[in-house]
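Novice: Next up is a structure, given as structure tokens.
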Amino acid sequence: MKPNVRNLMARPEMAALLIFAALFVAFSFINDRFFATGNMTVYLQPIPELAIVAMGITILIIAGEFDLSVGSVFGLSPMVTVLLMQAGWPVAVAILAGLVLAALIGLANGLITLRLKIPSFIATLGMLFMARSLAVVLAGGFPPVFPRELDVSWLVGRLDLGLVAPRVSLLYMIAIALALGFVLRRMDFGHWIYATGGHPQAARDMGIKTERVKIACFMLCATLAGFAGIIQSFRVKVIVPNLGTGLEMQAIAAAVIGGVALTGGVGSILGAVVGTLLIAMIENILILSGVNANWFMFAVGAMIVVAVVLNTQTRLKAEGMKG
Amino acid sequence: MSTAANTAGEPIIKCVGLQKWYGAVHALKNVDFHAGRGEVIGLVGDNGAGKSTLIKILSGVHTQDQGDIFIEGRSVSITGPEVAMGLGIETIYQYTAMVPEMSIAQNFFIGREPLKFGRPGLGIVDRAKMAREAMEGLRGVGLHLRGPDTPVKALSGGQRQGVAIARAMHFRSKVLILDEPTNHLSVKETNKVLDHVVELKGLGVTSIFISHNLHHIHPISDRIVAMARGEKIADLPAGEISVDEMTRMIS
């Protein structure tokens, strides 16, 4: 086999792409309502929100750390934004404040993990509870009312593309994906992220400030989670303190299905997006087929295992081919 | 050869009165050390002798508690690996300091990527330059590998050490520290690494070679520095001591 075929097969998101293509074709045949204009619009609707969280998680896992608190930050950031808007703050400043808070939570996650030398799994598990509690406390017993008259079209308005009408947030997702993909693959900082997660000792010995790299990734991950939460609350025009509960597991699932290795140093932005598309597709087809919705978790779980097994096998095969 | 190095004027690297404590452990006790241009120093000693501490201070992984370091007569403060590398001190580690999942070219320039645009940490890497210069560097040490995009995990231990040595050379190292570079290598690969050190000597590069295997060290060294319990216990031309005597001295 040619070297470029081998390199392609060794790419982390390969298994997810193959499963996605296969299921997409299969579902289109099984259910004629699947690949239909209305359904594709419904299908694409929640994707930016999960994909943006999954991209942040992916980068953090590539750097060798973990964040369980993204679901809580997803709820806390829009809570703060909406409360500030109610208090009369301009929308842009209120959103910025929500994002800064998210970034500070990421900073706290990073400092607790790295300075106090505890696993990020534990530090961010703690943050999961603390940030969620803050959202509940700030809501003050009953959720604040989302300002109905607020113009949200710049963030979640409909894009009429003829066949499908996704939300504007899909463009934000694509822009973020392109920017992060560029950072990871074309910028020196991206190389440092892969090196930091792939072999921390080597990265340090070659002069990379691995702590700074990781803290930047913690902050990026949390900020993206906050932004995704703001998108969702603006889309549904509701803010409740339990927004995003359990989202961390879906985001991690999307990242893992997309080929990120929990050991660090391996993964891609495209993988996070395809992982998200796959999870949302499973949910969509179950709903369309009228299957009991409780099978959703089962299907996602099965897909995690299948994707990782397939990924491991293709990568092993690719490595076995000496050119 | 050793006398030539000693009379070649200012040593390229000189340490005076280095002291290092790890908590209550006095790991380095008032150690003086020097090396001339193009000199190959064999640094020997049992585990815990202090040789590892000494080279970690020189490569910027640790900082001394007391004492001074001079590079070409200039007092320097080596506060991190990037500072050591900036001063022309490159280290080859037993584990090769390579990220297995990353390509040869990426590993070659890890932390020091050539940029097309921007500044370090916010720069766009020049991938064509990386590929070209990595391959040139590898050919320079006689390594002919598949291509710059090959992941390092596909290379043998000896090939990885070759890449590490080529990397050190590319960045114009004046002092090369080789920390147990021949562990886990086959006899053939070991000989290749030893050949590299001899070639580099010809180019005026100073090498500090650490190994448990005195048979590897002795034939290529100009001078043997032996350490025990944190102190320097011997410093003499390699011709004045045999492998057997070295073994008795450090055990």
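Quick note on naming: the chains in the structure tokens go A, B, ... in the order shown, residues restart at 1 in each chain, and ligands are numbered from 1 in order of appearance.
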Can you tell me which residues surround region 203-220 of chain B at a distance of at most 7 Å, considering only C-alpha atoms, apart from same-chain residues fewer than 2 positions away, and format the answer as a CSV table (one decimal) with N, CA and C atoms, in the first residue's frame?
Specialist:
```csv
chain,number,residue,atom,x,y,z
B,36,GLY,N,37.1,21.0,27.4
B,36,GLY,CA,37.6,21.8,26.3
B,36,GLY,C,36.9,21.6,25.0
B,37,ARG,N,37.1,22.4,24.0
B,37,ARG,CA,36.5,22.3,22.7
B,37,ARG,C,36.9,21.0,22.0
B,38,GLY,N,35.9,20.2,21.6
B,38,GLY,CA,36.2,19.0,20.9
B,38,GLY,C,36.7,17.9,21.8
B,39,GLU,N,36.6,18.1,23.1
B,39,GLU,CA,37.0,17.0,24.0
B,39,GLU,C,35.8,16.1,24.3
B,40,VAL,N,36.1,14.8,24.4
B,40,VAL,CA,35.1,13.8,24.8
B,40,VAL,C,35.4,13.4,26.2
B,41,ILE,N,34.4,13.7,27.1
B,41,ILE,CA,34.6,13.3,28.5
B,41,ILE,C,33.7,12.1,28.8
B,42,GLY,N,34.3,11.1,29.4
B,42,GLY,CA,33.5,10.0,29.9
B,42,GLY,C,33.2,10.2,31.4
B,43,LEU,N,31.9,10.4,31.7
B,43,LEU,CA,31.5,10.7,33.0
B,43,LEU,C,30.9,9.4,33.6
B,44,VAL,N,31.6,8.9,34.6
B,44,VAL,CA,31.3,7.5,35.2
B,44,VAL,C,31.0,7.6,36.7
B,174,LYS,N,27.4,23.2,20.9
B,174,LYS,CA,28.8,23.2,21.2
B,174,LYS,C,29.1,22.1,22.2
B,175,VAL,N,28.2,21.8,23.0
B,175,VAL,CA,28.4,20.8,24.0
B,175,VAL,C,27.2,19.8,23.9
B,176,LEU,N,27.6,18.5,23.7
B,176,LEU,CA,26.6,17.5,23.6
B,176,LEU,C,26.7,16.6,24.8
B,177,ILE,N,25.5,16.5,25.6
B,177,ILE,CA,25.5,15.6,26.7
B,177,ILE,C,24.8,14.4,26.3
B,178,LEU,N,25.4,13.2,26.5
B,178,LEU,CA,24.8,12.0,26.1
B,178,LEU,C,24.6,11.2,27.3
B,179,ASP,N,23.3,11.1,27.8
B,179,ASP,CA,22.9,10.5,29.0
B,179,ASP,C,22.5,9.0,28.7
B,180,GLU,N,23.4,8.1,28.9
B,180,GLU,CA,23.1,6.7,28.7
B,180,GLU,C,22.5,6.4,27.3
B,198,VAL,N,32.5,10.3,17.8
B,198,VAL,CA,33.9,10.5,17.3
B,198,VAL,C,33.8,11.5,16.1
B,199,GLU,N,32.8,11.4,15.2
B,199,GLU,CA,32.7,12.3,14.1
B,199,GLU,C,32.5,13.7,14.6
B,200,LEU,N,31.6,13.9,15.6
B,200,LEU,CA,31.3,15.2,16.1
B,200,LEU,C,32.6,15.9,16.7
B,201,LYS,N,33.4,15.0,17.3
B,201,LYS,CA,34.7,15.5,17.9
B,201,LYS,C,35.5,16.2,16.8
B,222,ASP,N,38.5,11.2,25.8
B,222,ASP,CA,39.8,11.8,26.0
B,222,ASP,C,40.2,11.8,27.5
B,238,ALA,N,42.1,9.5,29.6
B,238,ALA,CA,41.7,8.1,29.5
B,238,ALA,C,42.8,7.1,29.3
B,243,VAL,N,40.0,0.0,31.7
B,243,VAL,CA,38.6,-0.3,32.1
B,243,VAL,C,38.5,-1.0,33.4
```
Novice: Which residues of chain A come within 12 Å of chain B, and what is each one's closest atom pair and distance in Å (one decimal), counting only C-alpha atoms, sorted by chain and residue number, as a tab-separated table?
Specialist:
```
residue	atom	partner	partner_atom	distance
A:Pro3	CA	B:Thr150	CA	9.2
A:Asn4	CA	B:Asp149	CA	10.0
A:Arg6	CA	B:Thr150	CA	10.4
A:Asn7	CA	B:Thr150	CA	8.8
A:Ala10	CA	B:Pro151	CA	10.3
A:Arg11	CA	B:Glu101	CA	10.9
A:Pro12	CA	B:Glu101	CA	11.1
A:Ile62	CA	B:Glu101	CA	11.4
A:Phe182	CA	B:Ile124	CA	9.0
A:Val183	CA	B:Ile124	CA	8.3
A:Leu184	CA	B:Ile124	CA	10.3
A:Arg185	CA	B:Val125	CA	9.0
A:Arg186	CA	B:Ile124	CA	5.7
A:Met187	CA	B:Ile124	CA	4.4
A:Asp188	CA	B:Val125	CA	5.7
A:Phe189	CA	B:Gly121	CA	5.1
A:Gly190	CA	B:Gly121	CA	8.8
A:His191	CA	B:Ile110	CA	7.3
A:Trp192	CA	B:Gly111	CA	6.6
A:Ile193	CA	B:Gly111	CA	10.4
A:Tyr194	CA	B:Met102	CA	7.8
A:Ala195	CA	B:Val99	CA	6.1
A:Thr196	CA	B:Val99	CA	8.8
A:Gly197	CA	B:Val99	CA	9.1
A:Gly198	CA	B:Val99	CA	5.8
A:His199	CA	B:Val99	CA	5.3
A:Pro200	CA	B:Val99	CA	8.5
A:Gln201	CA	B:Ala97	CA	7.2
A:Ala202	CA	B:Ala97	CA	4.1
A:Ala203	CA	B:Ala97	CA	7.4
A:Arg204	CA	B:Pro81	CA	7.6
A:Asp205	CA	B:Pro81	CA	5.9
A:Met206	CA	B:Gly111	CA	6.1
A:Gly207	CA	B:Glu82	CA	4.4
A:Ile208	CA	B:Gly111	CA	5.5
A:Lys209	CA	B:Gly111	CA	9.0
A:Thr210	CA	B:Gly111	CA	10.4
A:Arg212	CA	B:Gly121	CA	10.6
A:Val213	CA	B:Gly121	CA	9.4
A:Ala216	CA	B:Gly121	CA	11.3
A:Ala261	CA	B:Glu101	CA	11.2
A:Thr263	CA	B:Glu101	CA	11.5
A:Gly264	CA	B:Glu101	CA	10.0
A:Gly265	CA	B:Glu101	CA	7.0
A:Val266	CA	B:Glu101	CA	7.3
A:Gly267	CA	B:Glu101	CA	10.6
A:Arg315	CA	B:Glu101	CA	11.5
A:Leu316	CA	B:Ala154	CA	11.5
A:Ala318	CA	B:Ala154	CA	10.7
A:Glu319	CA	B:Ala154	CA	7.3
A:Gly320	CA	B:Ala154	CA	9.3
A:Met321	CA	B:Ala154	CA	10.2
A:Lys322	CA	B:Ala154	CA	8.7
A:Gly323	CA	B:Arg146	CA	8.0
```
Novice: Print the selection's residues with C-alpha atoms to a file, as a PDB file, in the first residue's frame.
Specialist:
```pdb
ATOM      1  CA  PRO A   3       2.506   5.652   2.076  1.00  0.00           C
ATOM      2  CA  ASN A   4      -0.265   8.243   1.707  1.00  0.00           C
ATOM      3  CA  ARG A   6      -1.139   4.325   5.128  1.00  0.00           C
ATOM      4  CA  ASN A   7      -1.034   7.861   6.552  1.00  0.00           C
ATOM      5  CA  ALA A  10      -3.518   6.069  10.564  1.00  0.00           C
ATOM      6  CA  ARG A  11      -5.510   9.264  11.002  1.00  0.00           C
ATOM      7  CA  PRO A  12      -7.405   9.235  14.303  1.00  0.00           C
ATOM      8  CA  ILE A  62      -4.750  15.720  23.322  1.00  0.00           C
ATOM      9  CA  PHE A 182      -5.383  25.380  11.905  1.00  0.00           C
ATOM     10  CA  VAL A 183      -3.880  25.906  15.351  1.00  0.00           C
ATOM     11  CA  LEU A 184      -3.372  22.184  15.888  1.00  0.00           C
ATOM     12  CA  ARG A 185      -1.902  21.348  12.513  1.00  0.00           C
ATOM     13  CA  ARG A 186      -0.211  24.513  11.285  1.00  0.00           C
ATOM     14  CA  MET A 187       0.853  26.488  14.350  1.00  0.00           C
ATOM     15  CA  ASP A 188       3.772  25.827  16.679  1.00  0.00           C
ATOM     16  CA  PHE A 189       1.421  25.946  19.659  1.00  0.00           C
ATOM     17  CA  GLY A 190      -0.516  23.040  18.153  1.00  0.00           C
ATOM     18  CA  HIS A 191       2.699  21.007  17.942  1.00  0.00           C
ATOM     19  CA  TRP A 192       3.343  21.835  21.586  1.00  0.00           C
ATOM     20  CA  ILE A 193      -0.138  20.583  22.539  1.00  0.00           C
ATOM     21  CA  TYR A 194       0.483  17.225  20.816  1.00  0.00           C
ATOM     22  CA  ALA A 195       3.971  16.971  22.338  1.00  0.00           C
ATOM     23  CA  THR A 196       2.721  17.858  25.826  1.00  0.00           C
ATOM     24  CA  GLY A 197       0.121  15.099  25.729  1.00  0.00           C
ATOM     25  CA  GLY A 198       2.125  12.635  23.656  1.00  0.00           C
ATOM     26  CA  HIS A 199       5.251  12.604  25.824  1.00  0.00           C
ATOM     27  CA  PRO A 200       5.279  15.194  28.634  1.00  0.00           C
ATOM     28  CA  GLN A 201       8.878  14.447  29.639  1.00  0.00           C
ATOM     29  CA  ALA A 202      10.181  14.870  26.100  1.00  0.00           C
ATOM     30  CA  ALA A 203       8.203  18.089  25.699  1.00  0.00           C
ATOM     31  CA  ARG A 204       9.657  19.514  28.920  1.00  0.00           C
ATOM     32  CA  ASP A 205      13.191  18.410  28.078  1.00  0.00           C
ATOM     33  CA  MET A 206      12.897  20.130  24.704  1.00  0.00           C
ATOM     34  CA  GLY A 207      12.012  23.370  26.462  1.00  0.00           C
ATOM     35  CA  ILE A 208       8.224  23.433  26.088  1.00  0.00           C
ATOM     36  CA  LYS A 209       6.448  24.996  29.076  1.00  0.00           C
ATOM     37  CA  THR A 210       3.980  22.137  29.392  1.00  0.00           C
ATOM     38  CA  ARG A 212       1.348  26.816  30.356  1.00  0.00           C
ATOM     39  CA  VAL A 213       0.240  24.746  27.369  1.00  0.00           C
ATOM     40  CA  ALA A 216      -4.268  27.378  27.960  1.00  0.00           C
ATOM     41  CA  ALA A 261      -6.783   8.788  22.791  1.00  0.00           C
ATOM     42  CA  THR A 263      -3.587   8.691  26.982  1.00  0.00           C
ATOM     43  CA  GLY A 264      -3.021  12.040  25.223  1.00  0.00           C
ATOM     44  CA  GLY A 265      -1.166  13.115  22.094  1.00  0.00           C
ATOM     45  CA  VAL A 266      -3.655  11.720  19.557  1.00  0.00           C
ATOM     46  CA  GLY A 267      -6.856  13.232  18.193  1.00  0.00           C
ATOM     47  CA  ARG A 315      -4.097   2.060  13.219  1.00  0.00           C
ATOM     48  CA  LEU A 316      -2.388  -1.224  14.017  1.00  0.00           C
ATOM     49  CA  ALA A 318      -1.415   1.021   9.166  1.00  0.00           C
ATOM     50  CA  GLU A 319       1.590   0.642  11.464  1.00  0.00           C
ATOM     51  CA  GLY A 320       2.111  -2.920  10.305  1.00  0.00           C
ATOM     52  CA  MET A 321       2.562  -1.773   6.698  1.00  0.00           C
ATOM     53  CA  LYS A 322       6.198  -1.028   6.203  1.00  0.00           C
ATOM     54  CA  GLY A 323       6.662   1.070   3.104  1.00  0.00           C
TER      55      GLY A 323
END
```
Novice: Go through A:Met79, A:Ala254, A:Leu161, A:Met303 one by one, measure the shortest atom-to-atom distance of each to Ser133 (chain A) using only C-alpha atoms, and give the residue with the smallest value.
Specialist: A:Met79
Novice: Please provide the set of residues having any atom within 9 Å of region 162-173 of chain A, restricted to only C-alpha atoms, with same-chain residues fewer than 2 positions apart removed, written as a ChimeraX atom specification.
Specialist: /A:36-49,51-52,153-160,175-178,231,235
Novice: Once DSSP has gone over the backbone, tell me which residues of region 62-125 of chain B are in strand (DSSP E), as a list in words.
Specialist: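 Taking region 62-125 of chain B and keeping strand (DSSP E) only, one gets Gln66, Gly67, Asp68, Ile69, Phe70, Ile71, Arg74, Ser75, Val76, Ile89, Glu90, Thr91, Ile92, Leu115, Lys116, Phe117, Ile124 and Val125 of chain B.
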Novice: How would the residues just chosen look if you wrote them out with N, CA and C atoms as an mmCIF file, in the first residue's frame?
Specialist:
```cif
data_model
loop_
_atom_site.group_PDB
_atom_site.id
_atom_site.type_symbol
_atom_site.label_atom_id
_atom_site.label_comp_id
_atom_site.auth_asym_id
_atom_site.auth_seq_id
_atom_site.Cartn_x
_atom_site.Cartn_y
_atom_site.Cartn_z
ATOM 1 N N GLN B 66 24.306 26.122 44.776
ATOM 2 C CA GLN B 66 25.478 26.999 44.872
ATOM 3 C C GLN B 66 26.429 26.673 43.745
ATOM 4 N N GLY B 67 27.334 27.614 43.465
ATOM 5 C CA GLY B 67 28.351 27.369 42.454
ATOM 6 C C GLY B 67 28.057 28.121 41.173
ATOM 7 N N ASP B 68 29.062 28.165 40.285
ATOM 8 C CA ASP B 68 28.938 28.944 39.057
ATOM 9 C C ASP B 68 29.230 28.093 37.827
ATOM 10 N N ILE B 69 28.582 28.469 36.737
ATOM 11 C CA ILE B 69 28.818 27.798 35.458
ATOM 12 C C ILE B 69 29.270 28.856 34.455
ATOM 13 N N PHE B 70 30.316 28.532 33.699
ATOM 14 C CA PHE B 70 30.826 29.454 32.682
ATOM 15 C C PHE B 70 30.794 28.756 31.327
ATOM 16 N N ILE B 71 30.239 29.434 30.342
ATOM 17 C CA ILE B 71 30.297 28.930 28.969
ATOM 18 C C ILE B 71 31.229 29.864 28.207
ATOM 19 N N ARG B 74 32.096 32.950 30.027
ATOM 20 C CA ARG B 74 31.034 33.860 30.438
ATOM 21 C C ARG B 74 30.157 33.185 31.487
ATOM 22 N N SER B 75 29.905 33.871 32.580
ATOM 23 C CA SER B 75 29.065 33.301 33.636
ATOM 24 C C SER B 75 27.619 33.191 33.140
ATOM 25 N N VAL B 76 27.013 32.033 33.309
ATOM 26 C CA VAL B 76 25.647 31.846 32.817
ATOM 27 C C VAL B 76 24.772 31.272 33.927
ATOM 28 N N ILE B 89 24.003 23.942 24.494
ATOM 29 C CA ILE B 89 24.138 22.664 25.199
ATOM 30 C C ILE B 89 22.926 21.802 24.833
ATOM 31 N N GLU B 90 23.173 20.720 24.127
ATOM 32 C CA GLU B 90 22.088 19.829 23.731
ATOM 33 C C GLU B 90 22.262 18.512 24.470
ATOM 34 N N THR B 91 21.141 17.905 24.824
ATOM 35 C CA THR B 91 21.214 16.662 25.581
ATOM 36 C C THR B 91 20.540 15.531 24.808
ATOM 37 N N ILE B 92 21.234 14.408 24.756
ATOM 38 C CA ILE B 92 20.653 13.204 24.163
ATOM 39 C C ILE B 92 20.304 12.280 25.322
ATOM 40 N N LEU B 115 9.355 29.315 11.777
ATOM 41 C CA LEU B 115 8.055 29.931 11.528
ATOM 42 C C LEU B 115 8.046 30.707 10.220
ATOM 43 N N LYS B 116 6.898 30.631 9.552
ATOM 44 C CA LYS B 116 6.694 31.440 8.352
ATOM 45 C C LYS B 116 6.217 32.814 8.754
ATOM 46 N N PHE B 117 5.573 32.843 9.925
ATOM 47 C CA PHE B 117 4.870 34.050 10.323
ATOM 48 C C PHE B 117 4.650 34.014 11.830
ATOM 49 N N ILE B 124 3.022 30.462 12.705
ATOM 50 C CA ILE B 124 2.636 29.459 11.716
ATOM 51 C C ILE B 124 3.911 28.735 11.279
ATOM 52 N N VAL B 125 3.923 27.414 11.434
ATOM 53 C CA VAL B 125 5.163 26.689 11.169
ATOM 54 C C VAL B 125 5.443 26.581 9.666
#
```
Novice: Where in region 12-62 of chain A does DSSP assign helix (DSSP H, G or I), given as a PyMOL selection string?
Specialist: chain A and resi 14-30+37-44+47-62
Novice: Produce a file of the selected residues containing N, CA and C atoms, as a compact mmCIF listing (two decimals), in the first residue's frame.
Specialist:
```txt
# COMPACT_ATOMS: atom_id res chain seq x y z
N MET A 14 -10.43 8.36 11.32
CA MET A 14 -10.79 7.48 10.19
C MET A 14 -11.97 6.57 10.51
N ALA A 15 -11.93 5.91 11.66
CA ALA A 15 -12.99 4.97 12.01
C ALA A 15 -14.34 5.69 12.09
N ALA A 16 -14.33 6.87 12.72
CA ALA A 16 -15.58 7.62 12.87
C ALA A 16 -16.14 8.00 11.50
N LEU A 17 -15.26 8.42 10.60
CA LEU A 17 -15.70 8.81 9.26
C LEU A 17 -16.33 7.62 8.53
N LEU A 18 -15.69 6.47 8.65
CA LEU A 18 -16.21 5.27 7.98
C LEU A 18 -17.58 4.89 8.54
N ILE A 19 -17.69 4.88 9.87
CA ILE A 19 -18.99 4.53 10.48
C ILE A 19 -20.05 5.55 10.07
N PHE A 20 -19.66 6.81 10.08
CA PHE A 20 -20.61 7.86 9.72
C PHE A 20 -21.15 7.65 8.31
N ALA A 21 -20.24 7.43 7.37
CA ALA A 21 -20.65 7.25 5.97
C ALA A 21 -21.55 6.03 5.84
N ALA A 22 -21.16 4.94 6.50
CA ALA A 22 -21.93 3.69 6.39
C ALA A 22 -23.33 3.88 6.97
N LEU A 23 -23.41 4.48 8.17
CA LEU A 23 -24.72 4.64 8.81
C LEU A 23 -25.60 5.63 8.05
N PHE A 24 -24.97 6.67 7.52
CA PHE A 24 -25.74 7.67 6.78
C PHE A 24 -26.44 7.02 5.59
N VAL A 25 -25.68 6.24 4.85
CA VAL A 25 -26.25 5.54 3.69
C VAL A 25 -27.31 4.54 4.15
N ALA A 26 -26.97 3.77 5.18
CA ALA A 26 -27.91 2.75 5.66
C ALA A 26 -29.22 3.37 6.12
N PHE A 27 -29.12 4.44 6.93
CA PHE A 27 -30.33 5.07 7.46
C PHE A 27 -31.18 5.67 6.33
N SER A 28 -30.51 6.20 5.30
CA SER A 28 -31.25 6.78 4.19
C SER A 28 -32.11 5.73 3.50
N PHE A 29 -31.58 4.49 3.48
CA PHE A 29 -32.35 3.40 2.86
C PHE A 29 -33.43 2.88 3.78
N ILE A 30 -33.07 2.72 5.06
CA ILE A 30 -33.99 2.13 6.03
C ILE A 30 -35.23 3.01 6.22
N THR A 37 -35.56 16.95 3.71
CA THR A 37 -35.27 18.35 4.04
C THR A 37 -35.58 18.71 5.49
N GLY A 38 -36.81 18.41 5.91
CA GLY A 38 -37.21 18.79 7.26
C GLY A 38 -36.36 18.11 8.32
N ASN A 39 -36.11 16.82 8.11
CA ASN A 39 -35.36 16.08 9.12
C ASN A 39 -33.91 16.54 9.20
N MET A 40 -33.30 16.85 8.07
CA MET A 40 -31.91 17.30 8.11
C MET A 40 -31.80 18.63 8.88
N THR A 41 -32.82 19.46 8.75
CA THR A 41 -32.83 20.72 9.50
C THR A 41 -32.89 20.45 11.01
N VAL A 42 -33.77 19.52 11.38
CA VAL A 42 -33.88 19.14 12.79
C VAL A 42 -32.57 18.52 13.28
N TYR A 43 -32.02 17.67 12.42
CA TYR A 43 -30.79 16.96 12.78
C TYR A 43 -29.65 17.93 13.07
N LEU A 44 -29.50 18.95 12.23
CA LEU A 44 -28.36 19.86 12.36
C LEU A 44 -28.51 20.84 13.53
N ILE A 47 -26.43 20.35 16.79
CA ILE A 47 -25.06 19.89 16.56
C ILE A 47 -23.98 20.91 16.95
N PRO A 48 -24.13 22.20 16.59
CA PRO A 48 -23.05 23.14 16.95
C PRO A 48 -22.74 23.13 18.44
N GLU A 49 -23.79 23.04 19.26
CA GLU A 49 -23.59 23.13 20.71
C GLU A 49 -22.74 21.98 21.22
N LEU A 50 -23.10 20.75 20.87
CA LEU A 50 -22.32 19.61 21.35
C LEU A 50 -20.94 19.58 20.69
N ALA A 51 -20.89 19.91 19.40
CA ALA A 51 -19.60 19.84 18.69
C ALA A 51 -18.59 20.83 19.27
N ILE A 52 -19.06 22.02 19.64
CA ILE A 52 -18.13 23.03 20.18
C ILE A 52 -17.56 22.54 21.52
N VAL A 53 -18.42 21.93 22.34
CA VAL A 53 -17.92 21.38 23.61
C VAL A 53 -16.94 20.23 23.33
N ALA A 54 -17.29 19.37 22.38
CA ALA A 54 -16.45 18.21 22.07
C ALA A 54 -15.08 18.65 21.53
N MET A 55 -15.05 19.75 20.77
CA MET A 55 -13.76 20.23 20.24
C MET A 55 -12.84 20.66 21.39
N GLY A 56 -13.44 21.38 22.36
CA GLY A 56 -12.63 21.83 23.50
C GLY A 56 -12.09 20.66 24.29
N ILE A 57 -12.97 19.69 24.54
CA ILE A 57 -12.56 18.48 25.28
C ILE A 57 -11.46 17.76 24.51
N THR A 58 -11.62 17.69 23.18
CA THR A 58 -10.65 16.97 22.36
C THR A 58 -9.26 17.59 22.52
N ILE A 59 -9.19 18.92 22.43
CA ILE A 59 -7.89 19.57 22.54
C ILE A 59 -7.28 19.34 23.93
N LEU A 60 -8.13 19.41 24.95
CA LEU A 60 -7.61 19.20 26.31
C LEU A 60 -7.11 17.76 26.48
N ILE A 61 -7.84 16.80 25.93
CA ILE A 61 -7.41 15.40 26.05
C ILE A 61 -6.12 15.17 25.25
N ILE A 62 -6.00 15.83 24.08
CA ILE A 62 -4.75 15.72 23.32
C ILE A 62 -3.59 16.21 24.19
```
Novice: Counting only C-alpha atoms, what is within 8 Å of region 89-96 of chain A, bar same-chain residues fewer than 4 positions away, as an NGL selection string?
Specialist: :A and (78 or 80-82 or 84-85 or 100 or 230)
Novice: So what do you get for CA of Ala87 (chain A) versus CA of Gly126 (chain A), distance-wise?
Specialist: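 Atom-to-atom, CA of Ala87 (chain A) and CA of Gly126 (chain A) are spaced 29.7 Å apart.
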Novice: Set the distance at 9 Å and use only C-alpha atoms: which residues neighbour Thr113 (chain A) once local chain neighbours fewer than 4 positions away are removed? I'd like the list as a list in words.
Specialist: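 Everything that qualifies: Glu65, Ala108, Asn109, Lys117, Ile118, Pro119, Ser120, Phe121, Ile122, Ala123 and Thr124 of chain A.
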Novice: For Phe218 (chain A), which residue among A:Ile304, A:Leu116, A:Leu8, A:Ala103 is the nearest when counting only C-alpha atoms?
Specialist: A:Ala103
